[in-house]
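A.B. asks: Following this line is my_file09.txt, made up of compact mmCIF, C-alpha atoms:
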# COMPACT_ATOMS: atom_id res chain seq x y z
CA SER B 665 0.00 0.00 0.00
CA PHE B 666 1.04 3.60 -0.46
CA PRO B 667 1.45 4.48 3.26
CA ALA B 668 3.68 1.41 3.73
CA ARG B 669 5.87 2.51 0.80
CA VAL B 670 6.19 6.00 2.27
CA GLN B 671 7.22 4.53 5.63
CA LEU B 672 9.83 2.31 3.92
CA LEU B 673 11.13 5.29 1.98
CA GLN B 674 11.33 7.34 5.20
CA LEU B 675 13.14 4.49 6.94
CA PHE B 676 15.57 4.15 4.01
CA HIS B 677 16.23 7.90 4.10
CA ASP B 678 16.81 7.84 7.87
CA VAL B 679 19.33 5.00 7.57
CA PHE B 680 21.14 5.97 4.37
CA GLY B 681 20.15 9.58 3.71
CA GLY B 682 23.33 11.21 5.00
CA LYS B 683 25.55 8.88 2.95
CA PHE B 684 24.27 10.02 -0.41
CA GLN B 685 25.66 13.33 -1.53
CA PRO B 686 24.99 14.97 -4.85
CA PRO B 687 27.99 14.52 -7.15
CA GLN B 688 30.43 17.41 -7.02
CA ALA B 689 31.44 19.05 -10.26
CA ASP B 690 34.78 17.74 -11.49
CA VAL B 691 37.07 20.76 -11.73
CA ALA B 692 39.22 19.04 -14.36
CA GLY B 693 36.08 18.23 -16.33
CA ALA B 694 35.07 21.88 -16.33
CA ILE B 695 37.86 22.68 -18.78
CA ASP B 696 37.82 21.41 -22.32
CA ALA B 697 40.18 18.88 -23.88
CA LYS B 698 42.28 21.55 -25.56
CA GLU B 699 42.96 23.27 -22.25
CA ARG B 700 43.68 19.92 -20.54
CA LEU B 701 46.23 19.17 -23.28
CA ARG B 702 47.77 22.63 -23.00
CA LEU B 703 48.17 22.23 -19.23
CA MET B 704 49.56 18.72 -19.59
CA LEU B 705 52.17 19.86 -22.13
CA LYS B 706 53.12 22.82 -19.94
CA GLN B 707 53.53 20.67 -16.82
CA THR B 708 55.21 17.62 -18.38
CA PRO B 709 59.01 17.60 -18.55
CA VAL B 710 60.57 16.82 -21.94
CA SER B 711 62.02 13.57 -20.60
CA ASP B 712 58.49 12.40 -19.76
CA LEU B 713 57.21 13.44 -23.20
CA LEU B 714 59.89 11.26 -24.77
CA ALA B 715 58.50 8.23 -22.96
CA LEU B 716 54.81 9.13 -23.35
CA ARG B 717 52.70 6.87 -25.55
CA PHE B 718 49.93 8.36 -27.64
CA SER B 719 47.37 6.22 -25.81
CA GLU B 720 48.46 7.85 -22.54
CA LEU B 721 48.05 11.29 -24.11
CA VAL B 722 44.52 10.33 -25.19
CA SER B 723 43.74 9.10 -21.69
CA LYS B 724 45.01 12.31 -20.07
CA THR B 725 43.03 14.56 -22.41
CA ARG B 726 39.91 12.38 -22.04
CA CYS B 727 38.91 12.60 -25.68
CA SER B 728 39.02 10.39 -28.75
CA PRO B 729 42.36 9.58 -30.39
CA ARG B 730 41.40 11.50 -33.50
CA HIS B 731 40.41 14.60 -31.51
CA ALA B 732 43.56 14.40 -29.37
CA SER B 733 45.65 14.20 -32.54
CA ARG B 734 43.93 17.26 -34.04
CA LEU B 735 44.32 19.23 -30.81
CA PHE B 736 47.98 18.32 -30.46
CA THR B 737 48.71 19.38 -34.03
CA GLU B 738 46.78 22.62 -33.50
CA LEU B 739 48.66 23.49 -30.30
CA VAL B 740 52.15 22.31 -31.23
CA GLY B 741 52.18 22.72 -35.00
CA VAL B 742 53.19 19.14 -35.79
CA SER B 743 51.79 15.70 -35.08
CA PHE B 744 52.52 13.88 -31.82
CA ARG B 745 54.84 11.44 -33.60
CA GLU B 746 56.73 14.24 -35.38
CA LYS B 747 57.21 16.17 -32.13
CA GLN B 748 58.39 13.09 -30.31
CA THR B 749 60.87 12.34 -33.12
CA GLU B 750 62.11 15.94 -33.00
CA LEU B 751 62.62 15.74 -29.23
CA ARG B 752 64.37 12.37 -29.47
CA LEU B 753 66.73 13.58 -32.18
CA ALA B 754 67.45 16.77 -30.22
CA ARG B 755 68.30 14.63 -27.20
CA ALA B 756 70.53 12.46 -29.40
CA CYS B 757 72.37 15.52 -30.73
CA GLU B 758 72.97 16.73 -27.21
CA VAL B 759 74.34 13.36 -26.09
CA LEU B 760 76.48 12.96 -29.23
CA ALA B 761 77.94 16.44 -28.77
CA THR B 762 78.66 16.19 -25.06
CA THR B 763 79.65 12.54 -24.45
CA ASP B 764 81.66 9.74 -26.00
CA SER B 765 78.81 7.22 -25.67
CA LYS B 766 78.46 4.63 -28.41
CA VAL B 767 75.79 5.30 -31.04
CA MET B 768 73.83 2.30 -29.75
CA GLU B 769 73.78 3.84 -26.25
CA VAL B 770 72.77 7.22 -27.65
CA ALA B 771 69.90 5.58 -29.53
CA THR B 772 68.63 3.86 -26.37
CA GLU B 773 69.01 6.99 -24.24
CA SER B 774 67.11 9.00 -26.86
CA GLY B 775 64.14 6.63 -26.73
CA TYR B 776 64.83 4.39 -29.72
CA GLN B 777 64.71 0.63 -29.28
CA SER B 778 66.37 0.00 -32.63
CA THR B 779 69.78 1.41 -33.52
CA SER B 780 69.06 1.00 -37.23
CA LEU B 781 65.82 3.00 -36.95
CA PHE B 782 67.65 5.66 -34.96
CA SER B 783 70.42 5.91 -37.54
CA ALA B 784 67.92 6.09 -40.41
CA MET B 785 65.87 8.82 -38.69
CA PHE B 786 69.01 10.75 -37.79
CA LYS B 787 70.37 10.57 -41.32
CA GLN B 788 66.98 11.59 -42.76
CA ARG B 789 66.88 14.66 -40.48
CA PHE B 790 70.52 15.78 -40.63
CA GLY B 791 71.81 14.23 -43.84
CA VAL B 792 74.64 12.35 -42.13
CA SER B 793 75.00 9.37 -39.82
CA PRO B 794 75.17 9.98 -36.06
CA ALA B 795 78.87 9.03 -36.01
CA ARG B 796 79.67 11.43 -38.86
CA TRP B 797 77.64 14.19 -37.19
CA ARG B 798 79.63 13.71 -34.00
CA GLU B 799 82.91 13.94 -35.92
CA ARG B 800 81.79 17.25 -37.43
CA ILE B 801 80.71 18.63 -34.06
CA LYS B 802 83.86 17.49 -32.27
CA GLY B 803 85.88 19.05 -35.10
CA LYS B 804 84.29 22.41 -34.28
CA GLY B 805 85.66 22.25 -30.74
CA ARG B 806 86.04 26.00 -30.49
CA LYS B 807 82.22 26.48 -30.61
CA PRO B 808 80.04 25.41 -27.72
CA ALA B 809 77.75 22.50 -28.55
CA LYS B 810 74.62 24.55 -27.84
CA LEU B 811 75.53 27.10 -30.52
CA VAL B 812 76.14 24.36 -33.06
CA LEU B 813 72.86 22.66 -32.16
CA ARG B 814 70.95 25.94 -32.42
CA ARG B 815 72.48 26.63 -35.84
CA LEU B 816 71.27 23.21 -37.01
CA GLY B 817 67.75 23.99 -35.81
CA VAL B 818 67.86 21.61 -32.88
CA PRO B 819 66.41 23.01 -29.64
CA ALA B 820 69.19 22.90 -27.06
Could you write out this structure as structure tokens?

C.D. replies:
Amino acid sequence: SFPARVQLLQLFHDVFGGKFQPPQADVAGAIDAKERLRLMLKQTPVSDLLALRFSELVSKTRCSPRHASRLFTELVGVSFREKQTELRLARACEVLATTDSKVMEVATESGYQSTSLFSAMFKQRFGVSPARWRERIKGKGRKPAKLVLRRLGVPA
């Protein structure tokens, strides 16, 4: 009967009423995906961006992969993969110019699992192999490595 239902509802409210709170607005959800991506890029160190997978970027922006890709390209000017390659090669240039590490070690430290892929990407970008690039840089010993890197268009 209706009065019995009301009594049950009142009893339920008395027992559990204080435990149910209206959901609070998610502050992170109040900003759009583009702003979430902008904040993430601003707060993430370059070393973490080198290791970041695209699926993790999608998860952090909470949008579809296609939308995340469009937003990244809009904000950064290049695709996620291109930016990551640029950062990895910049890191490789820095290591090649400042250490005597083997090319295989430089490849691994720069985020490449394959030395052959690293060498191919490096040669495509700079027109010479990593070992040859190092020889050229070391031959210009009078100039600081950062100036040489900047002249080549590599962010130092």

A.B. asks: Using all atoms listed in the file, can you tell me which of B:Arg755, B:Arg717, B:Arg669, B:Arg702 comes closest to Thr737 in chain B?

C.D. replies: B:Arg702

A.B. asks: Just to confirm, what's the straight-line distance from CA of Pro794 in chain B to CA of Glu769 in chain B in Å (one decimal)?

C.D. replies: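 Separation between CA of Pro794 in chain B and CA of Glu769 in chain B: 11.7 Å.
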
A.B. asks: What is the distance between CA of Phe718 in chain B and CA of Arg752 in chain B, in Å to one decimal?

C.D. replies: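 Between CA of Phe718 in chain B and CA of Arg752 in chain B the gap works out to 15.1 Å.
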
A.B. asks: Extract, using all atoms listed in the file, all DNA, RNA and protein residues at most 9 Å from Thr779 in chain B, discarding same-chain residues fewer than 4 positions from it, and format them as JSON, numbers by chain.

C.D. replies: {"B": [767, 768, 769, 770, 771, 772, 783, 784]}

A.B. asks: To one decimal in Å, tell me the separation between CA of Gln777 in chain B and CA of Lys706 in chain B.

C.D. replies: 26.7 Å

A.B. asks: For Leu716 in chain B, please output as a PyMOL selection string all residues within 12 Å (counting all atoms listed in the file; exclusion window: fewer than 6 positions along the same chain).

C.D. replies: chain B and resi 704-705+708-710+722-724+744-745+747-749+751-752+775

A.B. asks: With 5 Å on each side, where is the centre of the axis-aligned box around all listed atoms of range 749-752 of chain B, and how long are its edges in Å to one decimal, as JSON?

C.D. replies:
{"center_x": 62.6, "center_y": 14.1, "center_z": -31.2, "size_x": 13.5, "size_y": 13.6, "size_z": 13.9}

A.B. asks: For a quick check of understanding, using all atoms listed in the file, which of B:Val740, B:Leu781, B:Ile801, B:Leu721 has the smallest distance to Arg700 in chain B?

C.D. replies: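 Checking each of B:Val740, B:Leu781, B:Ile801, B:Leu721 against Arg700 in chain B, counting all atoms listed in the file, the winner is B:Leu721.
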